[in-house]
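**Q** What follows is the file run_20.txt, containing compact mmCIF, C-alpha atoms:
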```
# COMPACT_ATOMS: atom_id res chain seq x y z
CA MET A 1 17.54 -12.49 11.81
CA THR A 2 14.20 -13.91 12.94
CA ALA A 3 10.84 -12.68 11.69
CA GLU A 4 8.40 -10.79 13.87
CA GLY A 5 5.74 -12.66 15.81
CA ASP A 6 2.74 -11.60 13.73
CA ASP A 7 4.46 -12.97 10.61
CA SER A 8 3.70 -16.47 11.92
CA VAL A 9 -0.03 -15.99 11.20
CA ILE A 10 -1.07 -18.72 8.77
CA ASN A 11 -3.56 -17.59 6.15
CA THR A 12 -5.95 -19.75 4.16
CA ALA A 13 -5.04 -18.31 0.74
CA PRO A 14 -2.20 -16.46 -1.01
CA PRO A 15 -2.02 -12.66 -0.66
CA LYS A 16 -4.32 -10.57 -2.83
CA GLU A 17 -2.95 -9.20 -6.07
CA PRO A 18 -3.82 -5.64 -7.18
CA GLU A 19 -7.07 -5.67 -9.14
CA GLU A 20 -5.97 -2.62 -11.13
CA ASP A 21 -3.20 -2.08 -13.64
CA VAL A 22 -0.63 -0.40 -11.43
CA THR A 23 2.59 1.47 -12.14
CA GLU A 24 5.52 0.99 -9.79
CA ILE A 25 7.00 4.36 -8.81
CA PRO A 26 10.82 4.38 -8.45
CA ALA A 27 12.06 5.86 -5.17
CA ASP A 28 13.87 8.64 -7.05
CA ALA A 29 10.61 9.76 -8.70
CA VAL A 30 8.29 10.03 -5.69
CA ASP A 31 8.61 13.83 -5.61
CA GLU A 32 7.29 14.32 -9.16
CA PRO A 33 5.20 16.38 -9.76
CA VAL A 34 6.19 18.90 -7.11
CA ASN A 35 2.66 20.05 -6.17
CA GLU A 36 1.70 18.92 -2.67
CA PRO A 37 -1.85 17.78 -1.74
CA VAL A 38 -4.17 20.39 -0.26
CA GLU A 39 -7.29 19.30 1.57
CA GLU A 40 -10.50 21.17 0.78
CA PRO A 41 -11.81 23.53 3.49
CA THR A 42 -14.57 22.31 5.79
CA SER A 43 -17.95 23.92 5.13
CA THR A 44 -18.88 26.71 7.57
CA GLY A 45 -22.29 27.56 6.13
CA LYS A 46 -20.86 30.71 4.61
CA PRO A 47 -20.19 31.21 0.88
CA GLN A 48 -17.22 29.13 -0.13
CA PRO A 49 -14.67 29.62 -2.91
CA GLY A 50 -16.35 28.28 -6.02
CA ASP A 51 -19.82 29.57 -5.15
CA PHE A 52 -19.12 32.67 -7.23
CA PRO A 53 -16.38 31.67 -9.66
CA ASN A 54 -16.30 35.11 -11.31
CA THR A 55 -15.44 36.93 -8.08
CA VAL A 56 -13.30 34.62 -5.97
CA ASP A 57 -9.63 33.84 -6.25
CA CYS A 58 -7.96 30.50 -5.44
CA THR A 59 -4.54 31.59 -6.68
CA PRO A 60 -2.31 29.81 -7.16
CA ALA A 61 -3.96 26.87 -8.86
CA HIS A 62 -2.89 23.72 -7.08
CA ALA A 63 -3.29 19.96 -6.98
CA VAL A 64 -5.57 18.28 -4.45
CA TYR A 65 -5.40 14.67 -3.25
CA LYS A 66 -8.05 13.21 -0.94
CA ALA A 67 -7.66 9.78 0.67
CA ILE A 68 -11.10 8.16 0.95
CA SER A 69 -10.80 4.53 2.10
CA LYS A 70 -8.13 1.96 2.94
CA GLY A 71 -7.78 -1.81 3.03
CA GLY A 72 -6.46 -4.02 5.81
CA PRO A 73 -2.78 -3.90 6.84
CA ARG A 74 -2.19 -7.52 5.82
CA ASP A 75 -4.33 -7.69 2.67
CA HIS A 76 -1.61 -7.02 0.09
CA HIS A 77 1.94 -8.34 0.00
CA LYS A 78 4.59 -8.01 -2.70
CA ALA A 79 7.19 -10.77 -2.58
CA VAL A 80 10.92 -10.36 -2.96
CA GLY A 81 12.38 -13.61 -4.25
CA PRO A 82 10.72 -17.00 -4.76
CA VAL A 83 7.75 -18.59 -3.02
CA HIS A 84 8.85 -21.20 -0.47
CA ALA A 85 6.83 -24.35 0.24
CA ASN A 86 7.15 -27.34 2.54
CA TYR A 87 4.87 -30.40 2.49
CA ASN A 88 4.36 -32.46 5.65
CA GLY A 89 3.72 -36.00 4.49
CA THR A 90 3.67 -37.48 8.01
CA SER A 91 0.74 -38.12 10.35
CA ARG A 92 2.07 -35.65 12.91
CA THR A 93 2.51 -31.90 13.00
CA ALA A 94 5.99 -30.94 11.82
CA LYS A 95 8.03 -27.75 11.81
CA SER A 96 8.68 -25.88 8.56
CA SER A 97 11.59 -23.44 8.40
CA PHE A 98 12.10 -20.82 5.71
CA THR A 99 14.91 -18.34 5.01
CA SER A 100 14.75 -15.38 2.64
CA GLU A 101 17.20 -15.88 -0.21
CA VAL A 102 17.52 -12.39 -1.72
CA THR A 103 17.48 -8.72 -0.81
CA GLY A 104 15.07 -6.51 -2.68
CA LYS A 105 13.27 -3.16 -2.53
CA VAL A 106 9.53 -2.54 -2.83
CA GLY A 107 8.09 0.92 -3.51
CA VAL A 108 4.76 2.61 -4.13
CA ALA A 109 2.44 1.37 -6.89
CA ILE A 110 -0.30 3.58 -8.31
CA SER A 111 -3.27 3.13 -10.61
CA GLY A 112 -4.88 6.27 -11.99
CA GLU A 113 -3.77 9.81 -12.75
CA PRO A 114 -2.72 11.54 -9.53
CA GLU A 115 -2.20 15.28 -9.80
CA THR A 116 0.17 15.27 -6.81
CA SER A 117 3.49 13.62 -6.08
CA ALA A 118 3.68 10.23 -4.39
CA THR A 119 5.40 11.96 -1.47
CA GLY A 120 2.43 14.29 -1.02
CA MET A 121 0.00 11.39 -1.33
CA LEU A 122 1.87 9.45 1.38
CA ALA A 123 1.80 12.48 3.68
CA THR A 124 -1.98 12.71 3.31
CA ILE A 125 -2.42 8.99 4.03
CA LYS A 126 -0.21 9.23 7.13
CA ALA A 127 -2.15 12.22 8.45
CA LYS A 128 -5.60 10.74 7.82
CA TRP A 129 -5.08 7.33 9.46
CA ALA A 130 -1.91 7.75 11.57
CA VAL A 131 -0.18 4.91 9.72
CA THR A 132 3.50 4.64 8.86
CA VAL A 133 3.74 4.23 5.10
CA SER A 134 6.99 4.71 3.21
CA ALA A 135 8.16 5.49 -0.30
CA GLU A 136 10.26 2.32 -0.23
CA LEU A 137 11.16 -0.56 2.10
CA THR A 138 13.91 -3.17 1.80
CA ALA A 139 13.37 -6.88 2.48
CA LYS A 140 16.75 -8.40 3.32
CA LEU A 141 18.53 -11.68 2.74
CA GLY A 142 18.70 -14.15 5.64
CA ASN A 143 15.44 -13.54 7.49
CA ASN A 144 14.22 -16.76 9.14
CA MET A 145 10.75 -18.05 9.93
CA THR A 146 9.67 -21.35 11.55
CA VAL A 147 6.04 -22.47 11.83
CA GLU A 148 4.13 -25.69 12.39
CA THR A 149 2.66 -27.56 9.42
CA PRO A 150 -0.29 -29.92 10.04
CA PRO A 151 -0.21 -33.52 8.75
CA HIS A 152 -0.57 -33.88 4.97
CA ARG A 153 -0.61 -30.12 4.44
CA THR A 154 1.74 -27.70 2.66
CA THR A 155 2.91 -24.46 4.22
CA ASN A 156 3.68 -21.77 1.62
CA ALA A 157 5.72 -18.67 2.43
CA LYS A 158 6.54 -15.40 0.65
CA TYR A 159 9.00 -12.87 2.05
CA GLY A 160 8.64 -9.25 1.06
CA VAL A 161 6.70 -6.10 1.89
CA TYR A 162 3.12 -5.55 3.02
CA ARG A 163 1.51 -2.63 1.19
CA LEU A 164 -1.52 -0.63 2.26
CA LYS A 165 -4.19 -0.21 -0.40
CA VAL A 166 -5.81 3.24 -0.39
CA THR A 167 -8.52 4.53 -2.70
CA GLY A 168 -8.63 8.28 -3.21
CA GLU A 169 -9.23 11.01 -5.73
CA SER A 170 -7.07 13.70 -7.28
CA TYR A 171 -7.83 16.91 -9.16
CA THR A 172 -6.65 20.46 -9.73
CA LEU A 173 -8.25 23.46 -8.05
CA HIS A 174 -8.10 26.30 -10.56
CA GLN A 175 -7.54 29.99 -9.82
CA ASN A 176 -11.29 30.73 -10.13
CA CYS A 177 -12.00 27.92 -7.61
CA THR A 178 -13.47 25.51 -10.15
CA THR A 179 -11.96 22.04 -10.34
CA SER A 180 -10.67 19.79 -13.05
CA THR A 181 -12.19 16.35 -13.59
CA LYS A 182 -11.69 14.24 -10.48
CA HIS A 183 -9.62 11.11 -11.05
CA LYS A 184 -9.87 7.91 -9.02
CA VAL A 185 -6.45 6.97 -7.66
CA VAL A 186 -5.65 3.59 -6.11
CA SER A 187 -2.29 3.28 -4.38
CA TYR A 188 -0.33 0.50 -2.71
CA SER A 189 2.17 1.95 -0.22
CA PRO A 190 4.91 0.04 1.68
CA LEU A 191 3.81 -0.55 5.27
CA LYS A 192 6.12 -3.20 6.77
CA VAL A 193 8.57 -5.94 5.83
CA GLY A 194 7.57 -9.50 6.65
CA TRP A 195 6.48 -13.00 5.67
CA PHE A 196 3.09 -13.92 4.23
CA MET A 197 2.24 -17.57 4.87
CA TRP A 198 -0.65 -19.81 3.89
CA GLU A 199 -1.59 -23.48 3.93
CA SER A 200 -2.74 -25.59 1.02
```
If you convert what's in this file into structure tokens, what do you get?

**A**
Amino acid sequence: MTAEGDDSVINTAPPKEPEEDVTEIPADAVDEPVNEPVEEPTSTGKPQPGDFPNTVDCTPAHAVYKAISKGGPRDHHKAVGPVHANYNGTSRTAKSSFTSEVTGKVGVAISGEPETSATGMLATIKAKWAVTVSAELTAKLGNNMTVETPPHRTTNAKYGVYRLKVTGESYTLHQNCTTSTKHKVVSYSPLKVGWFMWES
């Protein structure tokens, strides 16, 4: 199997690593906890739940997740298997060919204390930006990529999964319409399988 065309983009540096301490979420745990995200209502100029906490009712109490900002689609890449490298020691441009050597799965990684499930978080991200993020993607053995390597340069290649970085916040909306402390949540969600390549 041959890689997609945009995988042949040669970057100037390795892919970014998460800046946060992240926890990888197994695919069989993405539905825990069971509470789904609920977006806050848009202001209408009228009294809103929470304006008079002694008289309003937000039953049942529920978790809220809000997606705030996202990174670029090619900013973060998690490799499956080793890093490949090929040095061109000639004075002419040469072709470098790489083949993925293992099959592996990449899931969601999260930093923070989300009140909602990863499944609910992914649904909110999909709805906000119309992107296709998944709970898990599989990078398979035998994927091929061929690119040109300039003279006296090294082409490096990692095969795996691109993940979309999203910064958001999570909290609980109580029955009296007050909220718990809002937690910053940074997530890395599988976006597409492919190669990440750079020259050195």

**Q** Provide the atom CA of A:Ser170 to atom CA of A:Ile68 distance in Å, to one decimal place.

**A**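 So the two atoms, atom CA of A:Ser170 and atom CA of A:Ile68, lie 10.7 Å apart.
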
**Q** Out of A:Val193, A:Ala109, A:Leu173, A:Val131, which residue has the shortest atom-to-atom distance to A:Gly160 when counting all atoms listed in the file?

**A**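 Nearest to A:Gly160: A:Val193.
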
**Q** How many Å separate atom CA of A:Lys184 from atom CA of A:Ile25?

**A**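 One can read the atom CA of A:Lys184 to atom CA of A:Ile25 distance as 17.2 Å.
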
**Q** Name the closest residue to A:Ser189 among the candidates A:Val147, A:Val30, A:Ala157, A:Leu141; distances are taken between atoms, counting all atoms listed in the file.

**A**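 Residue with the minimum atom-to-atom distance to A:Ser189: A:Val30.
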
**Q** So which residues touch A:Thr59 within 12 Å, counting all atoms listed in the file, skipping near sequence neighbours fewer than 4 positions away, as number ranges by chain?

**A** A: 49, 63, 172-178

**Q** Go through A:Arg163, A:Arg92, A:Arg74, A:Lys66 one by one, measure the shortest atom-to-atom distance of each to A:Val9 using all atoms listed in the file, and give the residue with the smallest value.

**A**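 Among the listed residues, the smallest separation from A:Val9 belongs to A:Arg74.
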
**Q** Tell me which of A:Ser97, A:Ser117, A:Thr124, A:Thr138 sits closest to A:Gly194, counting only C-alpha atoms.

**A**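 The answer is A:Thr138, which sits nearest to A:Gly194.
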
**Q** With 3 Å added on each side, what axis-aligned box encloses every listed atom of stretch 121-131 of chain A? Give the centre and edge lengths in Å to one decimal, as lines of an AutoDock Vina configuration file.

**A**
```
center_x = -1.9
center_y = 8.8
center_z = 5.1
size_x = 13.5
size_y = 13.8
size_z = 18.9
```

**Q** Expressed in Å to a single decimal, how great is the separation between atom CA of A:Thr132 and atom CA of A:His76?

**A** 15.5 Å

**Q** Given the choices A:Thr155, A:Asn143, A:Ser69, A:Thr179, which gets closest to A:Met197 if the distance is worked out from only C-alpha atoms?

**A** A:Thr155

**Q** Check the smallest atom-to-atom distance from each of A:Thr167, A:Ser187, A:Thr12, A:Asn156 to A:Ala85 using all atoms listed in the file, then report the winner.

**A** A:Asn156

**Q** At most 10 Å from (4.3, -38.0, 3.8), file frame, only C-alpha atoms: which residues, as a PyMOL selection string?

**A** chain A and resi 87-92+151-153

**Q** In the coordinates of the file, take the point (5.5, 12.2, -6.5) and a cut-off of 12 Å; then, counting only C-alpha atoms, name each qualifying protein, DNA or RNA residue as a ChimeraX atom specification.

**A** /A:24-37,63,65,107-110,113-123,135

**Q** If we count all atoms listed in the file and set the cut-off at 6 Å, which residues sit around A:Lys158, ignoring sequence neighbours fewer than 5 positions away in its own chain? Please answer as a list in words.

**A** Ala79, Val83, Trp195 and Phe196 of chain A
